[in-house]
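So the structure is just underneath, and the comments pick up after that.
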Amino acid sequence: MDEPQTPHRAVRPGRRCPTLYEIDLMMRKLFSLVAVSALVPVAAMADTFPSKPVTIVVSVPAGGTIDAIARMVAKDLGESMGKQFVVENRPGANGNIAADYVRRAPADGYTLLMLASSTLALGPYVMQNVPFDPIKDFAPVAMTAGLNMALLVNPKVGVSDVKGLVEKMKANPGKLNYSSTGNGSFPHVAGALLNLETHTDATHVPYKGLAPSIQDLLAGQVDFTFDSGSAVHVKSGKLKALAVIGPKRASALPDVPTFREAGLPELEKVSGWHGVFAPAGTPADVIKRLNAEINKSLKKPDSVERIQAMGFESVATTPEELGNALRTEYKNFGDLIAKTKISAY
C-alpha cells in the first residue's frame, strides 16, 4: 500500500518564501510602528490640552493668600488657554487632604494642586501617617510666590531689632512668648530655631490658624510671631518687623534687614513658597505648557503688585527649579526638626 503523502501548499510561480533575515527585518519595522503609535495619544493630548475644564485643588480654605493667588492665576489661565480653570478648596490636615486627593487623580493635567511648601517639605517630618511621598508622588509645575516671613513683635515689647529682643529674652527667661499657626507649622519651627540659635527660651503658644495668632499679637497677648502677610500692620505701626527670613529683603518691607544681616543666617532655612504640582506621571509637554502660562500670569504688573501687597514675592520658575527647591527645603527641614525636636502633637 502506498504511504499517504503530506499535502504541500502550492507556491505561486515566481514567489519565494522570505528568509529569516527578512522576517526579522519585518518584525523590527512592525514593533517600531507599534511604539510610535503608542506615543501618538500623549503627543495629541499635549497639543490639544486643555480640551475640558481644569481643577486647581487648593490646600487651604477660601480667603487665604494661597487661595487668592490661585483664583488670580485660574482667571488668567482660563482666558489664555480657552478653557475654564476651577478652584476647589480642600483644606485640612496641614494640606494633606488636598495633596492626597491630587496624588490619586489621573496624571493628565486636569487636576492640579496649589499649596504652601510646608505641606510637602515640613509635614512629613512633624505629622504621623502622611499618605504620600512628597518627592515621588508629584510632578512640579510652577512656583507661584516666595515667602518672606518676618519676625513681628508687638510694640509694647519695647525692642527695635533682633539683638534687642534676644537681650530681653535672656534677661527674662521663659517670660516672653511667641504665637504660631499650630504645632509643627513654619512659625513654630522658626521660633524654636530662634530659641536654639540664641540660647533663649521663649514660650510657644500654638493657635488654630493665622487669624487668631495675629489677633492676639495685635492685642498684646503674645509678644512676637513669624508671618509673611502682615506688612499692612507694620506700615500702620501696630506691629514692628525686626527681620525677614530669606536671602534678600522683602519688597513689602525694604527697610527691614534679613536674618543674615542680623547675624542669624541659620534662620534662612525656614524659607518657603507657594507652588503648583500635578500627579506624578503627567506628560512633560502638558507641564511645560502650564508652566509657561502660569509664569505669564505671574509676570503681569498687576499680579506682581497684588502678590507683593500680600507680603510675598512674585516668582517665575521652571518645573526643574521648583523640583530642586522642594528637595532642598525637604532636606533643610529634616535637619531643623532633628535639631529642634518639635512635632505637630
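Labels used: A, B, ... for chains in the order of the C-alpha cells, numbers from 1 for residues in each chain, and numbers from 1 for ligands as shown.
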
- Query: Using only C-alpha atoms, which residues sit within 8 Å of A:Asp100 once same-chain residues fewer than 4 positions away are excluded, as a PyMOL selection string?
  - Reply: chain A and resi 96+104+131-132

Residues of stretch 48-123 of chain A within 12 Å of stretch 337-343 of chain A: nearest atom pair and distance (Å, one decimal) for each, counting only C-alpha atoms, sorted by chain and number, as a Markdown table?
| residue | atom | partner | partner_atom | distance |
| --- | --- | --- | --- | --- |
| A:Ala121 | CA | A:Ile337 | CA | 11.2 |
| A:Leu122 | CA | A:Ile337 | CA | 8.6 |
| A:Gly123 | CA | A:Ser343 | CA | 9.3 |

- Point-to-point distance in Å for atom CA of A:Ser118 and atom CA of A:Gln84: 28.2 Å

- Item | Distance query A:Ile294 at most 9 Å, only C-alpha atoms, self and fewer than 4 positions along chain excluded, as a ChimeraX atom specification | /A:73-74,76-77,141-144,289-290,298-299,316

Output the selection as a short mmCIF file (atom, residue, chain, number, x, y, z; two decimals), in the first residue's frame - N, CA, C and O atoms for each residue.
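Generated output (part-v9.cif):
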data_model
loop_
_atom_site.label_atom_id
_atom_site.label_comp_id
_atom_site.auth_asym_id
_atom_site.auth_seq_id
_atom_site.Cartn_x
_atom_site.Cartn_y
_atom_site.Cartn_z
N VAL A 73 -4.56 83.36 39.26
CA VAL A 73 -3.93 82.57 38.20
C VAL A 73 -4.98 81.82 37.39
O VAL A 73 -4.90 81.75 36.16
N ALA A 74 -5.99 81.25 38.07
CA ALA A 74 -7.03 80.49 37.37
C ALA A 74 -7.76 81.37 36.36
O ALA A 74 -8.07 80.92 35.25
N ASP A 76 -6.57 84.02 34.79
CA ASP A 76 -5.68 84.28 33.66
C ASP A 76 -5.53 83.06 32.77
O ASP A 76 -5.52 83.17 31.54
N LEU A 77 -5.41 81.88 33.38
CA LEU A 77 -5.25 80.66 32.58
C LEU A 77 -6.50 80.37 31.76
O LEU A 77 -6.42 79.92 30.61
N VAL A 141 5.18 71.87 38.76
CA VAL A 141 4.72 72.64 37.60
C VAL A 141 5.30 74.05 37.63
O VAL A 141 6.02 74.45 36.73
N ALA A 142 4.99 74.82 38.69
CA ALA A 142 5.49 76.20 38.77
C ALA A 142 5.38 76.72 40.18
O ALA A 142 4.42 76.42 40.90
N MET A 143 6.35 77.51 40.59
CA MET A 143 6.27 78.24 41.85
C MET A 143 5.42 79.48 41.61
O MET A 143 5.51 80.11 40.55
N THR A 144 4.58 79.83 42.57
CA THR A 144 3.71 80.99 42.38
C THR A 144 4.06 82.17 43.29
O THR A 144 3.71 83.31 42.98
N ARG A 289 3.56 73.47 29.15
CA ARG A 289 2.61 74.50 28.73
C ARG A 289 1.99 75.19 29.94
O ARG A 289 1.84 76.41 29.97
N LEU A 290 1.62 74.42 30.95
CA LEU A 290 1.06 75.01 32.16
C LEU A 290 2.06 75.95 32.81
O LEU A 290 1.71 77.05 33.26
N LEU A 298 1.93 85.39 36.33
CA LEU A 298 2.65 85.94 37.48
C LEU A 298 3.48 87.16 37.12
O LEU A 298 3.78 87.99 37.99
N LYS A 299 3.87 87.28 35.84
CA LYS A 299 4.71 88.40 35.42
C LYS A 299 3.92 89.66 35.09
O LYS A 299 4.52 90.72 34.86
N ALA A 316 9.02 83.36 39.12
CA ALA A 316 8.75 82.55 37.93
C ALA A 316 9.86 81.52 37.83
O ALA A 316 11.04 81.87 37.78
#

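The smallest atom-to-atom distance between A:Phe277 and any of A:Ala202, A:Leu194, A:Leu326, A:Val166, using only C-alpha atoms, is found for A:Leu326.
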
- Enumerate the residues of stretch 189-300 of chain A with a DSSP assignment of helix (DSSP H, G or I), computed from the backbone, and present them as a VMD selection string. chain A and resid 189 to 198 210 to 218 231 to 235 265 to 269 284 to 298

Could you take the residues named above and write them with N, CA and C atoms, as a compact mmCIF listing (two decimals), in the first residue's frame?
# COMPACT_ATOMS: atom_id res chain seq x y z
N VAL A 189 8.50 76.28 63.91
CA VAL A 189 9.88 75.90 63.63
C VAL A 189 10.80 77.11 63.75
N ALA A 190 10.36 78.26 63.20
CA ALA A 190 11.18 79.47 63.26
C ALA A 190 11.43 79.91 64.69
N GLY A 191 10.39 79.89 65.52
CA GLY A 191 10.55 80.28 66.92
C GLY A 191 11.46 79.33 67.68
N ALA A 192 11.29 78.03 67.43
CA ALA A 192 12.14 77.03 68.10
C ALA A 192 13.60 77.19 67.68
N LEU A 193 13.82 77.49 66.39
CA LEU A 193 15.19 77.69 65.91
C LEU A 193 15.79 78.97 66.47
N LEU A 194 14.98 80.01 66.60
CA LEU A 194 15.46 81.25 67.20
C LEU A 194 15.90 80.99 68.65
N ASN A 195 15.10 80.25 69.40
CA ASN A 195 15.49 79.88 70.76
C ASN A 195 16.82 79.12 70.76
N LEU A 196 16.95 78.18 69.86
CA LEU A 196 18.13 77.33 69.81
C LEU A 196 19.38 78.12 69.45
N GLU A 197 19.25 78.99 68.44
CA GLU A 197 20.41 79.73 67.96
C GLU A 197 20.85 80.82 68.93
N THR A 198 19.93 81.34 69.74
CA THR A 198 20.27 82.44 70.65
C THR A 198 20.33 82.00 72.12
N LEU A 210 -3.87 81.36 61.24
CA LEU A 210 -3.16 82.63 61.27
C LEU A 210 -3.96 83.74 61.94
N ALA A 211 -5.25 83.83 61.64
CA ALA A 211 -6.05 84.95 62.14
C ALA A 211 -6.00 85.10 63.67
N PRO A 212 -6.29 84.05 64.46
CA PRO A 212 -6.22 84.22 65.91
C PRO A 212 -4.80 84.48 66.41
N SER A 213 -3.80 83.95 65.71
CA SER A 213 -2.42 84.19 66.11
C SER A 213 -2.08 85.68 66.00
N ILE A 214 -2.45 86.28 64.87
CA ILE A 214 -2.16 87.70 64.66
C ILE A 214 -3.04 88.57 65.56
N GLN A 215 -4.28 88.19 65.76
CA GLN A 215 -5.18 88.97 66.62
C GLN A 215 -4.62 89.09 68.03
N ASP A 216 -4.13 87.99 68.58
CA ASP A 216 -3.58 88.05 69.93
C ASP A 216 -2.25 88.78 69.98
N LEU A 217 -1.50 88.75 68.87
CA LEU A 217 -0.27 89.54 68.82
C LEU A 217 -0.61 91.03 68.82
N LEU A 218 -1.60 91.41 68.02
CA LEU A 218 -2.03 92.81 67.98
C LEU A 218 -2.56 93.27 69.33
N ALA A 231 2.36 92.85 56.42
CA ALA A 231 3.05 94.11 56.15
C ALA A 231 2.15 95.31 56.43
N VAL A 232 0.84 95.13 56.21
CA VAL A 232 -0.09 96.24 56.45
C VAL A 232 -0.08 96.66 57.91
N HIS A 233 0.06 95.71 58.83
CA HIS A 233 0.11 96.04 60.26
C HIS A 233 1.42 96.71 60.63
N VAL A 234 2.49 96.36 59.90
CA VAL A 234 3.78 97.00 60.14
C VAL A 234 3.74 98.45 59.67
N LYS A 235 3.18 98.66 58.48
CA LYS A 235 3.12 100.01 57.93
C LYS A 235 2.21 100.93 58.74
N PRO A 265 22.12 83.68 60.33
CA PRO A 265 21.89 83.13 58.99
C PRO A 265 21.17 81.79 58.99
N GLU A 266 21.21 81.03 60.10
CA GLU A 266 20.57 79.73 60.14
C GLU A 266 19.06 79.85 59.96
N LEU A 267 18.49 81.00 60.34
CA LEU A 267 17.04 81.20 60.19
C LEU A 267 16.61 81.20 58.73
N GLU A 268 17.56 81.41 57.80
CA GLU A 268 17.21 81.39 56.37
C GLU A 268 16.63 80.04 55.94
N LYS A 269 16.97 78.99 56.68
CA LYS A 269 16.49 77.66 56.30
C LYS A 269 14.99 77.49 56.48
N ALA A 284 5.13 65.54 30.14
CA ALA A 284 6.04 66.68 30.25
C ALA A 284 5.58 67.87 29.41
N ASP A 285 5.00 67.61 28.24
CA ASP A 285 4.56 68.71 27.37
C ASP A 285 3.39 69.48 28.01
N VAL A 286 2.52 68.76 28.71
CA VAL A 286 1.41 69.42 29.40
C VAL A 286 1.95 70.29 30.52
N ILE A 287 2.89 69.77 31.29
CA ILE A 287 3.50 70.53 32.39
C ILE A 287 4.23 71.76 31.84
N LYS A 288 4.92 71.59 30.73
CA LYS A 288 5.65 72.70 30.13
C LYS A 288 4.70 73.82 29.72
N ARG A 289 3.56 73.47 29.15
CA ARG A 289 2.61 74.50 28.73
C ARG A 289 1.99 75.19 29.94
N LEU A 290 1.62 74.42 30.95
CA LEU A 290 1.06 75.01 32.16
C LEU A 290 2.06 75.95 32.81
N ASN A 291 3.32 75.54 32.86
CA ASN A 291 4.36 76.38 33.45
C ASN A 291 4.47 77.71 32.72
N ALA A 292 4.46 77.66 31.39
CA ALA A 292 4.59 78.89 30.61
C ALA A 292 3.42 79.83 30.85
N GLU A 293 2.20 79.29 30.91
CA GLU A 293 1.01 80.13 31.09
C GLU A 293 0.94 80.69 32.51
N ILE A 294 1.32 79.88 33.50
CA ILE A 294 1.32 80.36 34.89
C ILE A 294 2.34 81.48 35.06
N ASN A 295 3.55 81.29 34.50
CA ASN A 295 4.57 82.32 34.60
C ASN A 295 4.14 83.61 33.91
N LYS A 296 3.43 83.47 32.79
CA LYS A 296 2.92 84.64 32.08
C LYS A 296 1.96 85.42 32.99
N SER A 297 1.11 84.70 33.72
CA SER A 297 0.17 85.33 34.65
C SER A 297 0.91 86.05 35.77
N LEU A 298 1.93 85.39 36.33
CA LEU A 298 2.65 85.94 37.48
C LEU A 298 3.48 87.16 37.12
